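Asker: Questions regarding the structure given below will be posed in turn.
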Amino acid sequence: LAKTTQPISMDSYEGQEVNITCSHNNIATNDYITWYQQFPSQGPRFIIQGYKTKVTNEVASLFIPADRKSSTLSLPRVSLSDTAVYYCLVGERYNYGQNFVFGPGTRLSVLP
Amino acid sequence: DGGITQSPKYLFRKEGQNVTLSCEQNLNHDAMYWYRQDPGQGLRLIYYSQIVNDFQKGDIAEGYSVSREKKESFPLTVTSAQKNPTAFYLCASSPQTGIYNEQFFGPGTRLTVL
């Protein structure tokens with residue numbers, strides 16, 4: 001089962017760029033990397049997904065090096081509303097479906 | 001509006017009672033999931049279902065049961081066999097199983113067993 005390692009918490013100030021790195025040494029060839037955001041007492045929300053190199057959308061960028069053993073979620077110019085927990089997921093396929101693992105995530109605190 | 005609904009938002013039960021949490025989606029998604037979240041922790045998969053009348057155990061299925069009689073509905077029963085049922089329960093759906101597809105989450109049900 002592919003496991004991920006992320007920092008438990010990070011602090012940032014409004015307007016800064018935040019980079020959260022996830023380590024996934026046992027990633028399999030067919031696995032994708034997905035990031036979710038969760039606010040307190042709410043369900044997680046999909047942010048971005050990628051397989052290799054760089055993916056960018058209106059919310060974030062995802063950088064994946066060639067060996068795919070890590071990935072970095074980049075949030076440009078964060079605001080107070082970006083304070084949340086961010087989860088890195090790596091897919092793993094069994095014979096009859098997948099078992100997603102949401103680790104403890106990274107608790108990002110954006111300060112004024 | 002399309003989405004996932006979970007009810008109730010808060011639920012209190014006495015120890016030893018079974019309780020069923022509701023999850024309904026009108027997104028026409030094939031796959032549905034149940035997760036449990038404890039304070040300060042990540043989500044743990046309880047059960048998931050790829051199609052109607054089929055479901056698979058996740059990491060922590062003991063003490064829980066599910067059914068998938070309709071595509072739109074995936075109720076979770078927390079039985080008296082679940083040793084520590086107090087938690088935040090999240091239901092999700094996706095167009096098909098596989099992390100390639102985005103999971104859409106409901107608002108959650110916070111269960112407290114007294």
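In the structure tokens, the first chain shown is A, the next is B, and so on; residue numbers restart at 1 for each chain, and ligands run from 1 in the order shown.
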So which residues touch region 68-82 of chain A within 8 Å, counting only C-alpha atoms, skipping near sequence neighbours fewer than 4 positions away, as an MDAnalysis selection string?

Answerer: chainID A and resid 13:27 33 35 52 59:64 108:112

Asker: Would you mind exporting N, CA, C and O atoms of the selected residues as a CSV table (one decimal), in the first residue's frame?

Answerer:
```
chain,number,residue,atom,x,y,z
A,13,TYR,N,2.0,33.6,5.8
A,13,TYR,CA,1.4,34.9,5.9
A,13,TYR,C,0.6,35.2,4.6
A,13,TYR,O,0.9,34.7,3.5
A,14,GLU,N,-0.4,36.0,4.7
A,14,GLU,CA,-1.2,36.3,3.5
A,14,GLU,C,-0.3,36.9,2.4
A,14,GLU,O,0.6,37.7,2.7
A,15,GLY,N,-0.6,36.5,1.2
A,15,GLY,CA,0.1,37.0,0.1
A,15,GLY,C,1.3,36.2,-0.3
A,15,GLY,O,1.9,36.4,-1.4
A,16,GLN,N,1.8,35.3,0.6
A,16,GLN,CA,2.9,34.5,0.3
A,16,GLN,C,2.6,33.3,-0.6
A,16,GLN,O,1.4,32.8,-0.6
A,17,GLU,N,3.6,32.7,-1.2
A,17,GLU,CA,3.4,31.4,-1.9
A,17,GLU,C,3.7,30.3,-0.9
A,17,GLU,O,4.7,30.4,-0.2
A,18,VAL,N,2.9,29.3,-0.9
A,18,VAL,CA,3.1,28.1,0.0
A,18,VAL,C,3.3,26.9,-0.8
A,18,VAL,O,2.6,26.6,-1.8
A,19,ASN,N,4.4,26.2,-0.4
A,19,ASN,CA,4.7,24.9,-1.1
A,19,ASN,C,4.6,23.8,0.0
A,19,ASN,O,5.3,23.8,1.0
A,20,ILE,N,3.8,22.8,-0.3
A,20,ILE,CA,3.6,21.6,0.6
A,20,ILE,C,4.1,20.4,-0.1
A,20,ILE,O,3.6,20.1,-1.2
A,21,THR,N,5.1,19.8,0.4
A,21,THR,CA,5.7,18.6,-0.2
A,21,THR,C,5.2,17.3,0.4
A,21,THR,O,5.1,17.2,1.6
A,22,CYS,N,5.0,16.3,-0.5
A,22,CYS,CA,4.5,15.0,-0.1
A,22,CYS,C,5.5,14.0,-0.6
A,22,CYS,O,5.9,14.0,-1.8
A,23,SER,N,5.9,13.1,0.3
A,23,SER,CA,6.8,12.0,-0.1
A,23,SER,C,6.0,10.7,-0.3
A,23,SER,O,5.2,10.4,0.5
A,24,HIS,N,6.3,10.0,-1.4
A,24,HIS,CA,5.6,8.8,-1.7
A,24,HIS,C,6.6,7.9,-2.4
A,24,HIS,O,6.5,7.6,-3.7
A,25,ASN,N,7.5,7.3,-1.7
A,25,ASN,CA,8.6,6.5,-2.2
A,25,ASN,C,8.1,5.2,-2.9
A,25,ASN,O,8.8,4.8,-3.8
A,26,ASN,N,7.0,4.7,-2.5
A,26,ASN,CA,6.5,3.4,-3.1
A,26,ASN,C,5.5,3.6,-4.2
A,26,ASN,O,4.7,2.7,-4.4
A,27,ILE,N,5.4,4.7,-4.8
A,27,ILE,CA,4.4,5.0,-5.8
A,27,ILE,C,4.6,4.0,-7.0
A,27,ILE,O,5.7,3.6,-7.4
A,33,ILE,N,-1.3,11.2,-8.4
A,33,ILE,CA,-1.2,11.9,-7.2
A,33,ILE,C,-2.3,13.0,-7.1
A,33,ILE,O,-2.5,13.7,-8.1
A,35,TRP,N,-4.4,15.9,-4.6
A,35,TRP,CA,-4.5,16.7,-3.4
A,35,TRP,C,-5.9,17.2,-3.2
A,35,TRP,O,-6.6,17.5,-4.1
A,52,LYS,N,2.8,13.3,-13.8
A,52,LYS,CA,4.2,13.6,-13.9
A,52,LYS,C,4.3,15.1,-14.3
A,52,LYS,O,3.4,15.7,-14.7
A,59,VAL,N,-6.5,27.1,-9.1
A,59,VAL,CA,-6.3,27.2,-7.7
A,59,VAL,C,-4.9,26.9,-7.3
A,59,VAL,O,-4.3,27.6,-6.4
A,60,ALA,N,-4.2,26.0,-7.9
A,60,ALA,CA,-2.9,25.6,-7.5
A,60,ALA,C,-2.1,25.0,-8.6
A,60,ALA,O,-2.6,24.8,-9.7
A,61,SER,N,-0.8,24.7,-8.3
A,61,SER,CA,0.1,24.0,-9.2
A,61,SER,C,0.6,22.8,-8.5
A,61,SER,O,0.8,22.8,-7.3
A,62,LEU,N,0.9,21.7,-9.3
A,62,LEU,CA,1.4,20.5,-8.7
A,62,LEU,C,2.7,20.2,-9.5
A,62,LEU,O,2.6,20.0,-10.8
A,63,PHE,N,3.8,20.0,-8.8
A,63,PHE,CA,5.1,19.7,-9.4
A,63,PHE,C,5.5,18.3,-9.0
A,63,PHE,O,5.5,17.9,-7.8
A,64,ILE,N,5.8,17.5,-10.0
A,64,ILE,CA,6.2,16.1,-9.8
A,64,ILE,C,7.5,15.8,-10.5
A,64,ILE,O,7.5,15.9,-11.8
A,108,LEU,N,-2.4,23.8,7.3
A,108,LEU,CA,-1.8,25.1,6.9
A,108,LEU,C,-2.6,26.2,7.7
A,108,LEU,O,-3.8,26.3,7.6
A,109,SER,N,-1.8,27.1,8.3
A,109,SER,CA,-2.4,28.2,9.0
A,109,SER,C,-1.9,29.5,8.3
A,109,SER,O,-0.6,29.7,8.2
A,110,VAL,N,-2.8,30.3,7.8
A,110,VAL,CA,-2.4,31.5,7.1
A,110,VAL,C,-2.7,32.7,8.1
A,110,VAL,O,-3.8,32.8,8.5
A,111,LEU,N,-1.6,33.4,8.3
A,111,LEU,CA,-1.7,34.5,9.3
A,111,LEU,C,-1.8,35.9,8.6
A,111,LEU,O,-1.3,36.0,7.5
A,112,PRO,N,-2.5,36.8,9.2
A,112,PRO,CA,-2.6,38.2,8.6
A,112,PRO,C,-1.3,38.9,8.6
A,112,PRO,O,-0.4,38.6,9.4
```

Asker: Residues of chain A within 12 Å of chain B: nearest atom pair and distance (Å, one decimal) for each, counting only C-alpha atoms, sorted by chain and number, as a tab-separated table?

Answerer:
```
residue	atom	partner	partner_atom	distance
A:Leu1	CA	B:Asp59	CA	11.4
A:Thr4	CA	B:Gly42	CA	11.9
A:Gln6	CA	B:Gly42	CA	11.8
A:Ile8	CA	B:Gly40	CA	10.2
A:Ser9	CA	B:Gly40	CA	11.4
A:Asn30	CA	B:Tyr100	CA	9.9
A:Asp31	CA	B:Ile99	CA	8.0
A:Tyr32	CA	B:Tyr100	CA	6.6
A:Ile33	CA	B:Ile99	CA	8.1
A:Thr34	CA	B:Ile99	CA	7.5
A:Trp35	CA	B:Glu102	CA	10.0
A:Tyr36	CA	B:Gln103	CA	9.4
A:Gln37	CA	B:Phe105	CA	11.2
A:Gln38	CA	B:Gly42	CA	10.1
A:Phe39	CA	B:Pro107	CA	10.7
A:Pro40	CA	B:Gly40	CA	10.0
A:Ser41	CA	B:Gly108	CA	7.4
A:Gln42	CA	B:Pro107	CA	5.3
A:Gly43	CA	B:Phe105	CA	5.2
A:Pro44	CA	B:Phe105	CA	6.3
A:Arg45	CA	B:Phe104	CA	7.0
A:Phe46	CA	B:Glu102	CA	6.4
A:Ile47	CA	B:Glu102	CA	9.2
A:Ile48	CA	B:Glu102	CA	9.1
A:Gln49	CA	B:Tyr100	CA	7.9
A:Gly50	CA	B:Tyr100	CA	8.9
A:Tyr51	CA	B:Tyr100	CA	9.6
A:Ala84	CA	B:Gly40	CA	11.9
A:Val85	CA	B:Gly42	CA	9.3
A:Tyr86	CA	B:Gly42	CA	9.9
A:Tyr87	CA	B:Gly42	CA	8.1
A:Cys88	CA	B:Gly42	CA	10.6
A:Leu89	CA	B:Ile99	CA	8.4
A:Val90	CA	B:Ile99	CA	7.7
A:Gly91	CA	B:Ile99	CA	5.3
A:Glu92	CA	B:Ile99	CA	8.0
A:Arg93	CA	B:Gly98	CA	7.4
A:Tyr94	CA	B:Gly98	CA	10.0
A:Asn95	CA	B:Gln56	CA	11.4
A:Tyr96	CA	B:Gln56	CA	8.3
A:Gly97	CA	B:Thr97	CA	6.4
A:Gln98	CA	B:Gly98	CA	6.0
A:Asn99	CA	B:Gly58	CA	6.6
A:Phe100	CA	B:Leu45	CA	7.1
A:Val101	CA	B:Arg44	CA	6.8
A:Phe102	CA	B:Leu43	CA	5.1
A:Gly103	CA	B:Gly42	CA	4.8
A:Pro104	CA	B:Gly42	CA	4.1
A:Gly105	CA	B:Gly42	CA	6.4
A:Thr106	CA	B:Gly42	CA	9.8
A:Arg107	CA	B:Gly40	CA	9.4
```

Asker: Write out as a PyMOL selection string all residues of chain B that backbone DSSP assigns to strand (DSSP E).

Answerer: chain B and resi 4-7+10-13+19-25+31-37+43-49+56-57+64-66+76-78+87-94+104-105+109-113

Asker: Skip Val113 (chain B) itself and residues of its chain fewer than 4 positions away, then list as a PyMOL selection string all residues within 8 Å of it, counting only C-alpha atoms.

Answerer: chain B and resi 12-15+85-86

Asker: With distances taken over only C-alpha atoms, which residue among B:Gln17, B:Ala61, B:Pro95, B:Val66 lies nearest Arg36 (chain B)?

Answerer: B:Ala61

Asker: How many Å lie between CA of Leu111 (chain B) and CA of Lys9 (chain B), rounded to one decimal?

Answerer: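 Straight-line distance from CA of Leu111 (chain B) to CA of Lys9 (chain B) works out to 8.4 Å.
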
Asker: Point out the residue among B:Ser73, B:Ser67, B:Thr20, B:Gln25 with the least atom-to-atom distance to Thr5 (chain B), counting only C-alpha atoms.

Answerer: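 The answer is B:Gln25, which sits nearest to Thr5 (chain B).
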
Asker: For each of B:Gln6, B:Ser94, B:Thr112, B:Gly63, take the minimum atom-to-atom distance to Asn28 (chain B), counting only C-alpha atoms, then give the residue where this is smallest.

Answerer: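 The answer is B:Ser94, which sits nearest to Asn28 (chain B).
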